[in-house]
file data.txt (compact mmCIF, C-alpha atoms)
# COMPACT_ATOMS: atom_id res chain seq x y z
CA ALA A 52 -18.25 -15.49 14.02
CA LEU A 53 -15.08 -17.48 14.75
CA ILE A 54 -13.03 -14.31 15.06
CA ASP A 55 -15.62 -12.78 17.41
CA LYS A 56 -15.70 -15.96 19.51
CA ALA A 57 -11.89 -16.10 19.74
CA ILE A 58 -11.83 -12.49 20.94
CA ALA A 59 -14.70 -12.88 23.43
CA GLN A 60 -13.86 -16.31 24.88
CA TYR A 61 -10.11 -16.63 24.52
CA GLY A 62 -8.80 -13.11 24.89
CA VAL A 63 -7.44 -12.88 21.35
CA ASP A 64 -6.16 -9.37 20.62
CA LYS A 65 -8.67 -7.96 18.13
CA SER A 66 -6.05 -5.55 16.85
CA ARG A 67 -3.88 -8.49 15.68
CA ILE A 68 -6.07 -10.79 13.61
CA TYR A 69 -3.81 -12.46 11.05
CA VAL A 70 -4.89 -15.05 8.50
CA THR A 71 -2.69 -17.35 6.46
CA GLY A 72 -3.21 -20.34 4.23
CA MET A 73 -1.64 -22.59 1.63
CA SER A 74 -3.10 -23.52 -1.76
CA ASN A 75 -6.91 -23.61 -1.34
CA GLY A 76 -6.33 -22.13 2.10
CA ALA A 77 -4.50 -19.24 0.43
CA MET A 78 -7.49 -18.68 -1.84
CA MET A 79 -9.74 -18.66 1.23
CA THR A 80 -7.36 -16.22 2.92
CA HIS A 81 -7.78 -13.79 0.01
CA GLN A 82 -11.56 -14.15 0.24
CA LEU A 83 -11.61 -13.52 4.00
CA ALA A 84 -9.52 -10.37 3.65
CA ILE A 85 -11.82 -9.13 0.88
CA ALA A 86 -14.96 -9.87 2.94
CA LEU A 87 -13.67 -8.79 6.37
CA PRO A 88 -11.07 -6.04 5.89
CA ASN A 89 -12.18 -4.25 9.04
CA LYS A 90 -11.60 -7.35 11.22
CA ILE A 91 -8.47 -8.80 9.63
CA THR A 92 -5.22 -6.99 10.36
CA ALA A 93 -2.98 -8.66 7.74
CA ILE A 94 -2.80 -11.81 5.61
CA ALA A 95 -0.15 -14.07 4.12
CA THR A 96 -0.63 -16.64 1.36
CA ASP A 97 1.59 -19.53 0.31
CA VAL A 98 1.20 -21.01 -3.19
CA GLY A 99 -2.27 -19.60 -3.79
CA THR A 100 -4.02 -18.00 -6.73
CA MET A 101 -6.92 -15.77 -7.71
CA PHE A 102 -9.39 -15.94 -10.60
CA GLY A 103 -10.01 -12.33 -11.57
CA ASP A 104 -13.63 -12.13 -10.44
CA GLU A 105 -12.82 -11.02 -6.89
CA LYS A 106 -14.42 -7.82 -5.61
CA MET A 107 -12.26 -5.09 -4.15
CA PRO A 108 -12.26 -4.97 -0.34
CA SER A 109 -13.85 -1.91 1.28
CA SER A 110 -10.56 -0.99 2.99
CA PRO A 111 -6.86 -1.93 2.68
CA VAL A 112 -5.34 -5.08 4.19
CA PRO A 113 -1.56 -5.65 4.35
CA VAL A 114 -0.70 -8.71 2.24
CA LEU A 115 2.26 -11.06 1.85
CA ILE A 116 2.05 -13.35 -1.20
CA MET A 117 4.48 -16.24 -1.78
CA ASN A 118 4.53 -18.41 -4.90
CA GLY A 119 6.93 -20.85 -6.53
CA MET A 120 7.89 -20.57 -10.17
CA LYS A 121 7.96 -24.37 -10.51
CA ASP A 122 4.53 -24.99 -9.00
CA GLU A 123 2.87 -27.72 -11.10
CA MET A 124 -0.41 -27.61 -9.15
CA LEU A 125 -1.13 -23.88 -9.51
CA PRO A 126 1.09 -22.87 -12.42
CA PHE A 127 2.96 -19.61 -11.89
CA GLU A 128 1.80 -18.33 -15.29
CA GLY A 129 -1.84 -19.18 -14.53
CA GLY A 130 -4.18 -21.23 -16.68
CA THR A 131 -5.76 -24.48 -15.65
CA LEU A 132 -5.10 -26.57 -12.58
CA GLY A 133 -2.06 -28.80 -12.70
CA LYS A 134 -2.05 -32.50 -11.88
CA PHE A 135 -5.45 -32.58 -10.12
CA ASP A 136 -7.40 -30.97 -12.96
CA LYS A 137 -10.29 -33.46 -12.68
CA ALA A 138 -11.08 -32.07 -9.20
CA TRP A 139 -11.51 -28.55 -10.60
CA ASP A 140 -14.38 -26.92 -12.49
CA GLY A 141 -12.08 -25.70 -15.26
CA THR A 142 -12.03 -22.03 -14.28
CA LYS A 143 -8.74 -20.54 -15.42
CA MET A 144 -6.46 -19.09 -12.78
CA LYS A 145 -4.73 -15.76 -13.12
CA PRO A 146 -0.92 -15.70 -13.13
CA ALA A 147 0.70 -15.50 -9.68
CA ASN A 148 1.61 -11.85 -10.24
CA TYR A 149 -2.09 -10.98 -10.50
CA GLN A 150 -2.47 -11.42 -6.73
CA ALA A 151 0.12 -8.74 -6.00
CA GLN A 152 -1.39 -6.36 -8.57
CA PHE A 153 -4.90 -6.95 -7.20
CA TRP A 154 -3.83 -6.05 -3.65
CA ALA A 155 -1.62 -3.17 -4.80
CA ASN A 156 -4.70 -1.70 -6.51
CA ALA A 157 -6.97 -2.45 -3.55
CA ASN A 158 -4.49 -0.87 -1.11
CA HIS A 159 -3.88 2.23 -3.26
CA CYS A 160 -0.20 1.42 -3.81
CA GLN A 161 2.02 2.57 -6.64
CA ASN A 162 1.87 0.23 -9.65
CA THR A 163 5.59 -0.49 -9.86
CA PRO A 164 7.21 -2.25 -6.89
CA LYS A 165 10.74 -1.97 -5.58
CA THR A 166 12.35 -5.27 -6.56
CA PHE A 167 15.11 -7.27 -4.90
CA GLU A 168 16.43 -10.35 -6.68
CA ASN A 169 19.06 -12.98 -5.97
CA ASP A 170 19.63 -16.56 -7.17
CA GLU A 171 16.77 -17.93 -5.04
CA ILE A 172 14.00 -15.31 -4.93
CA ILE A 173 12.43 -12.22 -6.40
CA GLN A 174 10.89 -9.93 -3.81
CA ASN A 175 8.52 -7.16 -4.88
CA ASP A 176 7.65 -4.51 -2.30
CA PHE A 177 4.97 -2.10 -3.46
CA ILE A 178 5.07 1.50 -2.28
CA CYS A 179 1.85 1.77 -0.29
CA PRO A 180 0.13 3.98 2.27
CA ALA A 181 0.73 3.16 5.95
CA ASN A 182 -0.76 -0.17 7.07
CA ALA A 183 -1.43 -1.26 3.50
CA GLN A 184 1.87 -2.91 2.53
CA VAL A 185 1.94 -5.48 -0.28
CA ARG A 186 4.93 -7.82 -0.55
CA GLN A 187 5.33 -10.61 -3.08
CA ILE A 188 8.03 -13.26 -2.74
CA ILE A 189 8.62 -15.47 -5.76
CA VAL A 190 10.70 -18.56 -5.03
CA LYS A 191 12.48 -19.42 -8.27
CA GLU A 192 12.81 -23.16 -7.54
CA GLY A 193 9.63 -23.25 -5.44
CA THR A 194 7.01 -25.95 -5.98
CA HIS A 195 3.53 -26.44 -4.52
CA THR A 196 4.73 -26.73 -0.92
CA TRP A 197 4.96 -24.81 2.32
CA PHE A 198 8.32 -23.11 1.87
CA GLY A 199 10.82 -24.33 4.47
CA ALA A 200 8.58 -27.19 5.69
CA THR A 201 10.24 -29.87 7.80
CA SER A 202 8.00 -32.59 6.37
CA ARG A 203 5.77 -33.10 3.37
CA ARG A 204 2.64 -34.89 2.26
CA LYS A 205 3.03 -38.30 0.67
CA ASN A 206 3.99 -37.95 -3.01
CA ALA A 207 4.29 -34.17 -2.70
CA PRO A 208 7.28 -32.39 -4.18
CA ALA A 209 10.15 -31.60 -1.84
CA PRO A 210 9.76 -28.21 -0.21
CA SER A 211 12.04 -25.34 -1.12
CA TYR A 212 14.33 -24.15 1.64
CA ASP A 213 15.21 -20.88 -0.10
CA ILE A 214 12.85 -19.13 2.34
CA ASP A 215 11.04 -20.22 5.48
CA ALA A 216 7.35 -19.35 5.12
CA ASN A 217 6.85 -19.36 8.90
CA ASP A 218 9.60 -16.78 9.41
CA GLU A 219 8.55 -14.63 6.45
CA ILE A 220 4.91 -14.63 7.54
CA TRP A 221 5.63 -13.69 11.14
CA LYS A 222 8.14 -10.97 10.13
CA PHE A 223 5.51 -9.49 7.85
CA VAL A 224 2.23 -9.74 9.79
CA SER A 225 3.61 -8.97 13.26
CA GLN A 226 4.49 -5.42 12.23
CA PHE A 227 0.78 -4.57 11.79
CA LYS A 228 -1.79 -3.71 14.43
CA LYS A 229 -5.24 -2.18 13.88
call {"tool": "encode", "arguments": {"input": "data.txt", "output": "structure tokens"}}
result
Amino acid sequence: ALIDKAIAQYGVDKSRIYVTGMSNGAMMTHQLAIALPNKITAIATDVGTMFGDEKMPSSPVPVLIMNGMKDEMLPFEGGTLGKFDKAWDGTKMKPANYQAQFWANANHCQNTPKTFENDEIIQNDFICPANAQVRQIIVKEGTHTWFGATSRRKNAPAPSYDIDANDEIWKFVSQFKK
């Protein structure tokens, strides 16, 4: 309803509906793309996770996934929630790589990505049909933060500056139009 209202009342281009989120917002972003693949043009997630019980979307959605290997909140290798485990129901999270595999399967991509690696990141680009790209960026020193943020929440870990999430997201999503 919000997407429809934004299109009708504010002139939002319905061919360029992009969704992004961090942490729980990243999990919601996955869910929106699964539920509304015909409305959402592309998504990008920052330090999110999945649980393995997600249904496949009815059509492909281009996806950018960014995670930090040193995330203590949503551990890169999956398992239980990090330092706020009492606020969670105990459901185990899948490893960060599961997100990329889920979307590669959903978007009918090849199983093995092309990989670029340097001292700061690992970037996996799956070979996918047109308008179904899946890119995963793993920040080696990344924690549970918005990568490249200019400020942080009180008591939050310092953000990684090895990538700028804003730049990466816009570079990725802006190339897609429905």
call {"tool": "residues_around", "arguments": {"input": "data.txt", "residues": "Gln152 in chain A", "least_positions_apart": "4", "cutoff": "8 Å", "atoms": "all atoms listed in the file", "output": "list in words"}}
result
Asn148, Asn156 and Asn162 of chain A
call {"tool": "write_last_selection", "arguments": {"input": "data.txt", "atoms": "C-alpha atoms", "output": "CSV table (one decimal), keeping the file's coordinate frame"}}
result
chain,number,residue,atom,x,y,z
A,148,ASN,CA,1.6,-11.8,-10.2
A,156,ASN,CA,-4.7,-1.7,-6.5
A,162,ASN,CA,1.9,0.2,-9.6
call {"tool": "atom_distance", "arguments": {"input": "data.txt", "atom1": "CA of Lys121 in chain A", "atom2": "CA of Trp221 in chain A"}}
result
24.3 Å
call {"tool": "residues_around", "arguments": {"input": "data.txt", "residues": "Glu105 in chain A", "least_positions_apart": "6", "cutoff": "12 Å", "atoms": "all atoms listed in the file", "output": "compact mmCIF listing (two decimals) with C-alpha atoms, in the frame of the given file"}}
result
# COMPACT_ATOMS: atom_id res chain seq x y z
CA MET A 78 -7.49 -18.68 -1.84
CA MET A 79 -9.74 -18.66 1.23
CA HIS A 81 -7.78 -13.79 0.01
CA GLN A 82 -11.56 -14.15 0.24
CA LEU A 83 -11.61 -13.52 4.00
CA ALA A 84 -9.52 -10.37 3.65
CA ILE A 85 -11.82 -9.13 0.88
CA ALA A 86 -14.96 -9.87 2.94
CA MET A 144 -6.46 -19.09 -12.78
CA LYS A 145 -4.73 -15.76 -13.12
CA TYR A 149 -2.09 -10.98 -10.50
CA GLN A 150 -2.47 -11.42 -6.73
CA PHE A 153 -4.90 -6.95 -7.20
CA TRP A 154 -3.83 -6.05 -3.65
CA ALA A 157 -6.97 -2.45 -3.55
call {"tool": "residues_near_point", "arguments": {"input": "data.txt", "point": "(3.6, -19.7, -3.7)", "cutoff": "6 Å", "atoms": "all atoms listed in the file", "output": "VMD selection string"}}
result
chain A and resid 97 to 99 117 to 119
call {"tool": "write_last_selection", "arguments": {"input": "data.txt", "atoms": "C-alpha atoms", "output": "short mmCIF file (atom, residue, chain, number, x, y, z; two decimals), in the frame of the given file"}}
result
data_model
loop_
_atom_site.label_atom_id
_atom_site.label_comp_id
_atom_site.auth_asym_id
_atom_site.auth_seq_id
_atom_site.Cartn_x
_atom_site.Cartn_y
_atom_site.Cartn_z
CA ASP A 97 1.59 -19.53 0.31
CA VAL A 98 1.20 -21.01 -3.19
CA GLY A 99 -2.27 -19.60 -3.79
CA MET A 117 4.48 -16.24 -1.78
CA ASN A 118 4.53 -18.41 -4.90
CA GLY A 119 6.93 -20.85 -6.53
#
call {"tool": "residues_around", "arguments": {"input": "data.txt", "residues": "range 207-217 of chain A", "least_positions_apart": "5", "cutoff": "6 Å", "atoms": "only C-alpha atoms", "output": "count of residues only"}}
result
5
call {"tool": "atom_distance", "arguments": {"input": "data.txt", "atom1": "CA of Ile68 in chain A", "atom2": "CA of Asp55 in chain A"}}
result
10.5 Å
call {"tool": "atom_distance", "arguments": {"input": "data.txt", "atom1": "CA of Thr142 in chain A", "atom2": "CA of Ile189 in chain A"}}
result
23.3 Å
call {"tool": "residues_around", "arguments": {"input": "data.txt", "residues": "Ile116 in chain A", "least_positions_apart": "5", "cutoff": "7 Å", "atoms": "only C-alpha atoms", "output": "NGL selection string"}}
result
:A and (95-97 or 151 or 186-188)
call {"tool": "decode", "arguments": {"input": "data.txt", "residues": "range 82-134 of chain A", "atoms": "C-alpha atoms", "output": "mmCIF file, in the first residue's frame"}}
result
data_model
loop_
_atom_site.group_PDB
_atom_site.id
_atom_site.type_symbol
_atom_site.label_atom_id
_atom_site.label_comp_id
_atom_site.auth_asym_id
_atom_site.auth_seq_id
_atom_site.Cartn_x
_atom_site.Cartn_y
_atom_site.Cartn_z
ATOM 1 C CA GLN A 82 10.835 -10.480 3.066
ATOM 2 C CA LEU A 83 9.481 -7.589 0.974
ATOM 3 C CA ALA A 84 11.355 -8.761 -2.114
ATOM 4 C CA ILE A 85 10.040 -12.290 -1.600
ATOM 5 C CA ALA A 86 6.449 -11.065 -1.130
ATOM 6 C CA LEU A 87 6.439 -8.294 -3.772
ATOM 7 C CA PRO A 88 8.863 -9.256 -6.556
ATOM 8 C CA ASN A 89 6.639 -7.699 -9.209
ATOM 9 C CA LYS A 90 6.652 -4.284 -7.474
ATOM 10 C CA ILE A 91 10.224 -4.124 -6.186
ATOM 11 C CA THR A 92 12.916 -3.444 -8.767
ATOM 12 C CA ALA A 93 16.014 -4.293 -6.679
ATOM 13 C CA ILE A 94 17.100 -4.617 -3.049
ATOM 14 C CA ALA A 95 20.243 -4.132 -0.989
ATOM 15 C CA THR A 96 20.893 -5.428 2.521
ATOM 16 C CA ASP A 97 23.522 -4.395 5.060
ATOM 17 C CA VAL A 98 24.427 -6.799 7.896
ATOM 18 C CA GLY A 99 21.276 -8.890 7.605
ATOM 19 C CA THR A 100 20.509 -12.585 7.764
ATOM 20 C CA MET A 101 17.971 -15.225 6.791
ATOM 21 C CA PHE A 102 16.633 -18.261 8.646
ATOM 22 C CA GLY A 103 16.135 -20.898 5.964
ATOM 23 C CA ASP A 104 12.347 -21.012 6.086
ATOM 24 C CA GLU A 105 11.838 -18.289 3.477
ATOM 25 C CA LYS A 106 9.699 -19.101 0.448
ATOM 26 C CA MET A 107 11.052 -18.519 -3.028
ATOM 27 C CA PRO A 108 9.766 -15.344 -4.707
ATOM 28 C CA SER A 109 7.528 -15.801 -7.748
ATOM 29 C CA SER A 110 9.983 -13.877 -9.953
ATOM 30 C CA PRO A 111 13.619 -12.706 -9.773
ATOM 31 C CA VAL A 112 14.754 -9.575 -7.913
ATOM 32 C CA PRO A 113 18.287 -8.158 -8.259
ATOM 33 C CA VAL A 114 20.006 -8.315 -4.855
ATOM 34 C CA LEU A 115 23.076 -6.770 -3.229
ATOM 35 C CA ILE A 116 24.053 -8.369 0.090
ATOM 36 C CA MET A 117 26.718 -6.882 2.391
ATOM 37 C CA ASN A 118 27.961 -8.525 5.588
ATOM 38 C CA GLY A 119 30.922 -8.143 7.922
ATOM 39 C CA MET A 120 33.034 -11.100 8.964
ATOM 40 C CA LYS A 121 33.464 -9.633 12.460
ATOM 41 C CA ASP A 122 29.769 -9.003 13.114
ATOM 42 C CA GLU A 123 29.096 -9.993 16.744
ATOM 43 C CA MET A 124 25.355 -9.281 16.529
ATOM 44 C CA LEU A 125 24.548 -11.477 13.518
ATOM 45 C CA PRO A 126 27.553 -13.804 13.349
ATOM 46 C CA PHE A 127 28.911 -14.332 9.844
ATOM 47 C CA GLU A 128 28.877 -18.110 10.348
ATOM 48 C CA GLY A 129 25.264 -18.062 11.557
ATOM 49 C CA GLY A 130 23.922 -19.593 14.743
ATOM 50 C CA THR A 131 22.302 -17.660 17.542
ATOM 51 C CA LEU A 132 22.027 -13.929 17.991
ATOM 52 C CA GLY A 133 25.078 -12.187 19.392
ATOM 53 C CA LYS A 134 25.049 -9.807 22.332
#
